[in-house]
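K.L.:
For reference, the structure I am asking about is given below.
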2 protein chains.
Amino acid sequence: MMDILHRVGIKSSLNDVYRALATLDGLAAWWTTDTQGESTSGGVIQFRFPEGGFDMKVLELRPERVLWEVVEGPEEWIGTTVSFDLKQEGDYAIILFKHQGWREPVEFMYHCSTKWATFLLSLKSLVETGKGAPSPNDVRIDNWN
Amino acid sequence: MMDILHRVGIKSSLNDVYRALATLDGLAAWWTTDTQGESTSGGVIQFRFPEGGFDMKVLELRPERVLWEVVEGPEEWIGTTVSFDLKQEGDYAIILFKHQGWREPVEFMYHCSTKWATFLLSLKSLVETGKGAPSPNDVRIDNWN
């Protein structure tokens with residue numbers, strides 16, 4: 001089992017970061033504009049991209065932790081979990097991000113690792129400046145997008 | 001043992017990407033301007049940042065693979081390896097990046113994972129546009145830089 005890990009620090013309150021992770025409007029403003037479903041504990045959120053999409057079941061939804069399980073999407077993603085642990089350090093809201101449970105370090109995992117970094121920086125930009133870079137206007141990193 | 005993985009695709013020839021990975025001038029233009037030493041097989045390269053630095057021993061230096069071992073730097077980095085595997089796919093030179101051999105998934109590893117993504121995108125920008133974002137003008141991701 002292998003994990004993708006990231007850390008970003010956002011000059012803001014935890015509250016503002018949590019709102020961007022816990023609401024459909026927030027998620028649509030940094031990950032993908034095509035975000036629908038129920039961001040409630042036990043609910044399912046549908047994230048769609050030009051290339052496909054993911055359905056996430058919300059397992060935890062608390063100001064210090066958001067945890068999803070992938071219930072639909074690319075085969076490599078099914079059953080993996082995505083979590084955001086939040087804490088305040090001085091002026092910064094710190095996110096410790098983990099995409100956990102990859103069965104193999106396939107090339108798609110390398111791609112997703114880099115892509116997650118760009119989306120987390122989109123989240124940082126959204127909270128700090130009001131403007132993120134969600135799909136379909138996301139940062140291109142390679143020939144897969 | 002845990003690894004940091006990334007994938008970037010650069011619209012260029014493998015040669016141009018290799019030059020940015022294999023020469024001091026290339027490395028200084030996307031990772032840190034303060035790059036010295038010997039980028040030769042068996043040589044040691046010194047990378048310095050405002051916050052510290054790393055010495056890398058060059059274990060492999062071939063157009064399809066650059067491999068370094070960290071011989072000086074933060075304790076968590078010592079003995080880890082950093083590799084860049086290169087291949088062409090259509091118009092893109094693809095880099096599969098691996099920072100391998102972390103003993104524990106410490107918070108610093110989360111940070112380094114995100115930070116590597118920004119440096120690899122700096123490398124992409126350097127080769128595609130002529131301009132990277134090496135330290136000290138690198139992308140800030142959190143309160144550690």
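Each chain of the structure tokens is named A, B, ... in the order shown, its residues numbered from 1; ligands are numbered from 1 in display order.
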Can you pull out the residues contacting Ser125 in chain B? Cut-off 12 Å, using only C-alpha atoms, and skip same-chain residues under 4 positions away; I want them as number ranges by chain.

P.N.:
A: 139-142; B: 8-12, 17, 20, 29-31, 118-121, 129-134

K.L.:
Please find the residues of chain A near chain B - the criterion being any atom within 10 Å, counting only C-alpha atoms - and write them as a PyMOL selection string.

P.N.:
chain A and resi 1-11+89-98+105-118+120-121+124+139-145

K.L.:
Which is closest to Val66 in chain A among A:Gln88, A:Ser135, A:Ser83, A:Thr32, if we use only C-alpha atoms?

P.N.:
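Under the stated criterion, the closest residue is A:Ser83.
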
K.L.:
Could you go through range 11-110 of chain B and tell me which residues DSSP, when run on the backbone, assigns to strand (DSSP E or B), listing them as a VMD selection string?

P.N.:
chain B and resid 11 32 34 to 37 44 to 49 52 to 62 65 to 72 81 to 89 92 to 102

K.L.:
List every residue of range 19-104 of chain B that DSSP, applied to the backbone of this structure, assigns to alpha helix (DSSP H), and report them as a PyMOL selection string.

P.N.:
chain B and resi 19-22+24-28

K.L.:
Please produce a file of those selected residues containing N, CA and C atoms, as a JSON list (two decimals), in the first residue's frame.

P.N.:
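What ended up in result39.json:
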```
[["chain", "number", "residue", "atom", "x", "y", "z"],
["B", 19, "ARG", "N", 19.55, 17.96, -20.38],
["B", 19, "ARG", "CA", 20.53, 19.03, -20.14],
["B", 19, "ARG", "C", 20.17, 19.80, -18.86],
["B", 20, "ALA", "N", 18.88, 19.99, -18.62],
["B", 20, "ALA", "CA", 18.45, 20.72, -17.41],
["B", 20, "ALA", "C", 18.66, 19.90, -16.13],
["B", 21, "LEU", "N", 18.80, 18.59, -16.30],
["B", 21, "LEU", "CA", 19.01, 17.71, -15.14],
["B", 21, "LEU", "C", 20.47, 17.35, -14.93],
["B", 22, "ALA", "N", 21.25, 17.48, -15.98],
["B", 22, "ALA", "CA", 22.61, 16.92, -15.95],
["B", 22, "ALA", "C", 23.71, 17.96, -15.86],
["B", 24, "LEU", "N", 25.16, 21.84, -14.25],
["B", 24, "LEU", "CA", 24.99, 22.79, -13.14],
["B", 24, "LEU", "C", 24.14, 23.98, -13.58],
["B", 25, "ASP", "N", 24.39, 24.47, -14.79],
["B", 25, "ASP", "CA", 23.61, 25.62, -15.28],
["B", 25, "ASP", "C", 22.13, 25.26, -15.38],
["B", 26, "GLY", "N", 21.86, 24.06, -15.87],
["B", 26, "GLY", "CA", 20.47, 23.62, -15.97],
["B", 26, "GLY", "C", 19.82, 23.53, -14.60],
["B", 27, "LEU", "N", 20.47, 22.86, -13.68],
["B", 27, "LEU", "CA", 19.91, 22.66, -12.33],
["B", 27, "LEU", "C", 19.68, 24.01, -11.63],
["B", 28, "ALA", "N", 20.63, 24.94, -11.83],
["B", 28, "ALA", "CA", 20.52, 26.25, -11.17],
["B", 28, "ALA", "C", 19.35, 27.06, -11.70]]
```

K.L.:
I want to know what sits within 12 Å of range 49-62 of chain A, based on only C-alpha atoms, with residues of the same chain fewer than 2 positions away left out; could you give that as an mmCIF file with N, CA and C atoms, in the first residue's frame?

P.N.:
```cif
data_model
loop_
_atom_site.group_PDB
_atom_site.id
_atom_site.type_symbol
_atom_site.label_atom_id
_atom_site.label_comp_id
_atom_site.auth_asym_id
_atom_site.auth_seq_id
_atom_site.Cartn_x
_atom_site.Cartn_y
_atom_site.Cartn_z
ATOM 1 N N LEU A 14 -8.701 28.521 10.003
ATOM 2 C CA LEU A 14 -9.122 27.155 9.712
ATOM 3 C C LEU A 14 -10.521 27.134 9.121
ATOM 4 N N ASN A 15 -11.359 28.008 9.626
ATOM 5 C CA ASN A 15 -12.757 28.068 9.191
ATOM 6 C C ASN A 15 -12.894 28.251 7.684
ATOM 7 N N VAL A 17 -10.689 27.589 5.372
ATOM 8 C CA VAL A 17 -10.202 26.411 4.647
ATOM 9 C C VAL A 17 -11.240 25.291 4.737
ATOM 10 N N TYR A 18 -11.782 25.131 5.931
ATOM 11 C CA TYR A 18 -12.785 24.071 6.104
ATOM 12 C C TYR A 18 -13.976 24.293 5.180
ATOM 13 N N ARG A 19 -14.389 25.531 5.030
ATOM 14 C CA ARG A 19 -15.534 25.827 4.163
ATOM 15 C C ARG A 19 -15.235 25.420 2.708
ATOM 16 N N LEU A 21 -13.417 23.009 1.825
ATOM 17 C CA LEU A 21 -13.341 21.545 1.746
ATOM 18 C C LEU A 21 -14.682 20.867 2.014
ATOM 19 N N ALA A 22 -15.564 21.590 2.684
ATOM 20 C CA ALA A 22 -16.771 20.941 3.210
ATOM 21 C C ALA A 22 -18.039 21.314 2.461
ATOM 22 N N THR A 23 -17.959 22.282 1.552
ATOM 23 C CA THR A 23 -19.166 22.698 0.828
ATOM 24 C C THR A 23 -18.986 22.477 -0.670
ATOM 25 N N ALA A 28 -16.048 23.291 -5.691
ATOM 26 C CA ALA A 28 -16.148 23.648 -7.114
ATOM 27 C C ALA A 28 -15.215 24.798 -7.475
ATOM 28 N N TRP A 31 -11.322 22.533 -7.114
ATOM 29 C CA TRP A 31 -11.002 21.217 -7.697
ATOM 30 C C TRP A 31 -11.639 21.062 -9.073
ATOM 31 N N THR A 32 -12.961 21.024 -9.105
ATOM 32 C CA THR A 32 -13.605 20.996 -10.427
ATOM 33 C C THR A 32 -14.935 21.738 -10.333
ATOM 34 N N THR A 33 -15.188 22.552 -11.341
ATOM 35 C CA THR A 33 -16.419 23.335 -11.337
ATOM 36 C C THR A 33 -17.640 22.415 -11.383
ATOM 37 N N ASP A 34 -17.443 21.203 -11.921
ATOM 38 C CA ASP A 34 -18.558 20.255 -12.024
ATOM 39 C C ASP A 34 -18.583 19.346 -10.789
ATOM 40 N N THR A 35 -19.075 19.911 -9.685
ATOM 41 C CA THR A 35 -19.140 19.216 -8.399
ATOM 42 C C THR A 35 -20.594 19.194 -7.948
ATOM 43 N N GLN A 36 -21.124 17.982 -7.707
ATOM 44 C CA GLN A 36 -22.515 17.862 -7.287
ATOM 45 C C GLN A 36 -22.637 16.798 -6.205
ATOM 46 N N GLY A 37 -23.808 16.708 -5.605
ATOM 47 C CA GLY A 37 -24.049 15.660 -4.613
ATOM 48 C C GLY A 37 -24.288 16.237 -3.232
ATOM 49 N N GLU A 38 -23.904 15.459 -2.224
ATOM 50 C CA GLU A 38 -24.212 15.821 -0.835
ATOM 51 C C GLU A 38 -22.937 15.808 -0.014
ATOM 52 N N SER A 39 -22.459 16.985 0.365
ATOM 53 C CA SER A 39 -21.305 17.033 1.256
ATOM 54 C C SER A 39 -21.788 17.019 2.697
ATOM 55 N N THR A 40 -22.238 15.849 3.100
ATOM 56 C CA THR A 40 -22.703 15.619 4.467
ATOM 57 C C THR A 40 -22.111 14.286 4.907
ATOM 58 N N SER A 41 -22.033 14.071 6.204
ATOM 59 C CA SER A 41 -21.462 12.808 6.660
ATOM 60 C C SER A 41 -22.314 11.652 6.132
ATOM 61 N N GLY A 42 -21.713 10.741 5.408
ATOM 62 C CA GLY A 42 -22.442 9.635 4.779
ATOM 63 C C GLY A 42 -22.926 9.938 3.378
ATOM 64 N N GLY A 43 -22.870 11.190 2.970
ATOM 65 C CA GLY A 43 -23.297 11.577 1.622
ATOM 66 C C GLY A 43 -22.252 11.219 0.577
ATOM 67 N N VAL A 44 -22.645 11.380 -0.687
ATOM 68 C CA VAL A 44 -21.723 11.104 -1.796
ATOM 69 C C VAL A 44 -21.603 12.353 -2.660
ATOM 70 N N ILE A 45 -20.388 12.717 -2.987
ATOM 71 C CA ILE A 45 -20.121 13.873 -3.846
ATOM 72 C C ILE A 45 -19.600 13.374 -5.183
ATOM 73 N N GLN A 46 -20.168 13.946 -6.274
ATOM 74 C CA GLN A 46 -19.721 13.589 -7.627
ATOM 75 C C GLN A 46 -18.824 14.707 -8.166
ATOM 76 N N PHE A 47 -17.585 14.354 -8.429
ATOM 77 C CA PHE A 47 -16.635 15.284 -9.039
ATOM 78 C C PHE A 47 -16.428 14.855 -10.484
ATOM 79 N N GLU A 64 -11.510 19.757 11.869
ATOM 80 C CA GLU A 64 -10.089 19.360 11.867
ATOM 81 C C GLU A 64 -9.797 18.200 10.919
ATOM 82 N N ARG A 65 -10.846 17.656 10.265
ATOM 83 C CA ARG A 65 -10.582 16.509 9.381
ATOM 84 C C ARG A 65 -11.738 16.254 8.420
ATOM 85 N N VAL A 66 -11.385 16.169 7.142
ATOM 86 C CA VAL A 66 -12.338 15.741 6.119
ATOM 87 C C VAL A 66 -11.770 14.457 5.507
ATOM 88 N N LEU A 67 -12.617 13.435 5.457
ATOM 89 C CA LEU A 67 -12.169 12.137 4.935
ATOM 90 C C LEU A 67 -13.206 11.599 3.961
ATOM 91 N N TRP A 68 -12.729 11.240 2.770
ATOM 92 C CA TRP A 68 -13.593 10.654 1.753
ATOM 93 C C TRP A 68 -13.085 9.261 1.379
ATOM 94 N N GLU A 69 -14.033 8.431 0.937
ATOM 95 C CA GLU A 69 -13.647 7.161 0.309
ATOM 96 C C GLU A 69 -14.097 7.184 -1.145
ATOM 97 N N VAL A 70 -13.231 6.736 -2.030
ATOM 98 C CA VAL A 70 -13.582 6.724 -3.444
ATOM 99 C C VAL A 70 -14.467 5.516 -3.718
ATOM 100 N N VAL A 71 -15.703 5.786 -4.153
ATOM 101 C CA VAL A 71 -16.637 4.685 -4.407
ATOM 102 C C VAL A 71 -16.893 4.465 -5.901
ATOM 103 N N GLU A 72 -16.565 5.468 -6.740
ATOM 104 C CA GLU A 72 -16.614 5.304 -8.200
ATOM 105 C C GLU A 72 -15.480 6.098 -8.812
ATOM 106 N N GLY A 73 -14.939 5.588 -9.893
ATOM 107 C CA GLY A 73 -13.857 6.308 -10.575
ATOM 108 C C GLY A 73 -12.910 5.336 -11.226
ATOM 109 N N PRO A 74 -11.705 5.798 -11.572
ATOM 110 C CA PRO A 74 -10.734 4.893 -12.182
ATOM 111 C C PRO A 74 -10.472 3.711 -11.243
ATOM 112 N N GLU A 75 -10.223 2.567 -11.832
ATOM 113 C CA GLU A 75 -10.077 1.353 -11.043
ATOM 114 C C GLU A 75 -9.046 1.512 -9.921
ATOM 115 N N GLU A 76 -7.937 2.215 -10.254
ATOM 116 C CA GLU A 76 -6.868 2.345 -9.260
ATOM 117 C C GLU A 76 -7.314 3.147 -8.035
ATOM 118 N N TRP A 77 -8.363 3.956 -8.208
ATOM 119 C CA TRP A 77 -8.811 4.827 -7.120
ATOM 120 C C TRP A 77 -9.847 4.168 -6.214
ATOM 121 N N ILE A 78 -10.561 3.180 -6.743
ATOM 122 C CA ILE A 78 -11.680 2.605 -5.976
ATOM 123 C C ILE A 78 -11.163 2.029 -4.654
ATOM 124 N N GLY A 79 -11.796 2.425 -3.573
ATOM 125 C CA GLY A 79 -11.413 1.916 -2.266
ATOM 126 C C GLY A 79 -10.298 2.709 -1.597
ATOM 127 N N THR A 80 -9.649 3.596 -2.345
ATOM 128 C CA THR A 80 -8.651 4.454 -1.694
ATOM 129 C C THR A 80 -9.377 5.548 -0.917
ATOM 130 N N THR A 81 -8.646 6.200 -0.004
ATOM 131 C CA THR A 81 -9.244 7.295 0.763
ATOM 132 C C THR A 81 -8.437 8.568 0.567
ATOM 133 N N VAL A 82 -9.132 9.676 0.686
ATOM 134 C CA VAL A 82 -8.536 11.001 0.540
ATOM 135 C C VAL A 82 -8.858 11.769 1.812
ATOM 136 N N SER A 83 -7.835 12.272 2.487
ATOM 137 C CA SER A 83 -8.091 12.993 3.741
ATOM 138 C C SER A 83 -7.342 14.314 3.795
ATOM 139 N N PHE A 84 -7.954 15.227 4.519
ATOM 140 C CA PHE A 84 -7.401 16.551 4.748
ATOM 141 C C PHE A 84 -7.421 16.772 6.262
ATOM 142 N N ASP A 85 -6.254 16.790 6.890
ATOM 143 C CA ASP A 85 -6.173 17.110 8.316
ATOM 144 C C ASP A 85 -5.759 18.563 8.460
ATOM 145 N N LEU A 86 -6.490 19.279 9.291
ATOM 146 C CA LEU A 86 -6.295 20.727 9.409
ATOM 147 C C LEU A 86 -5.818 21.098 10.801
ATOM 148 N N LYS A 87 -4.889 22.065 10.842
ATOM 149 C CA LYS A 87 -4.452 22.616 12.125
ATOM 150 C C LYS A 87 -3.940 24.027 11.897
ATOM 151 N N PRO A 134 -9.744 25.667 -10.667
ATOM 152 C CA PRO A 134 -10.382 24.343 -10.760
ATOM 153 C C PRO A 134 -10.472 23.887 -12.216
ATOM 154 N N SER A 135 -10.623 22.561 -12.408
ATOM 155 C CA SER A 135 -10.918 22.039 -13.737
ATOM 156 C C SER A 135 -12.203 22.689 -14.236
ATOM 157 N N PRO A 136 -12.315 23.047 -15.510
ATOM 158 C CA PRO A 136 -11.419 22.728 -16.630
ATOM 159 C C PRO A 136 -10.302 23.751 -16.840
ATOM 160 N N ASN A 137 -10.060 24.645 -15.891
ATOM 161 C CA ASN A 137 -8.988 25.630 -16.044
ATOM 162 C C ASN A 137 -7.827 25.328 -15.110
ATOM 163 N N ASP A 138 -7.583 24.042 -14.926
ATOM 164 C CA ASP A 138 -6.532 23.624 -14.004
ATOM 165 C C ASP A 138 -5.164 23.646 -14.678
ATOM 166 N N TRP A 144 -1.229 13.759 -20.022
ATOM 167 C CA TRP A 144 -2.498 13.199 -19.560
ATOM 168 C C TRP A 144 -3.410 14.294 -19.025
ATOM 169 N N ASN A 145 -2.888 15.480 -18.929
ATOM 170 C CA ASN A 145 -3.581 16.704 -18.518
ATOM 171 C C ASN A 145 -2.686 17.503 -17.598
#
```

K.L.:
So the first atom is CA of Trp102 in chain A and the second is CA of Gln100 in chain B; what is the distance between them in Å, to one decimal place?

P.N.:
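Computing it gives 16.4 Å between the two atoms.
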
K.L.:
How many Å separate CA of Leu123 in chain A from CA of Arg48 in chain A?

P.N.:
17.1 Å

K.L.:
Could you tell me how far CA of His99 in chain A sits from CA of Gly101 in chain B, in Å to one decimal place?

P.N.:
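So the answer is 18.8 Å.
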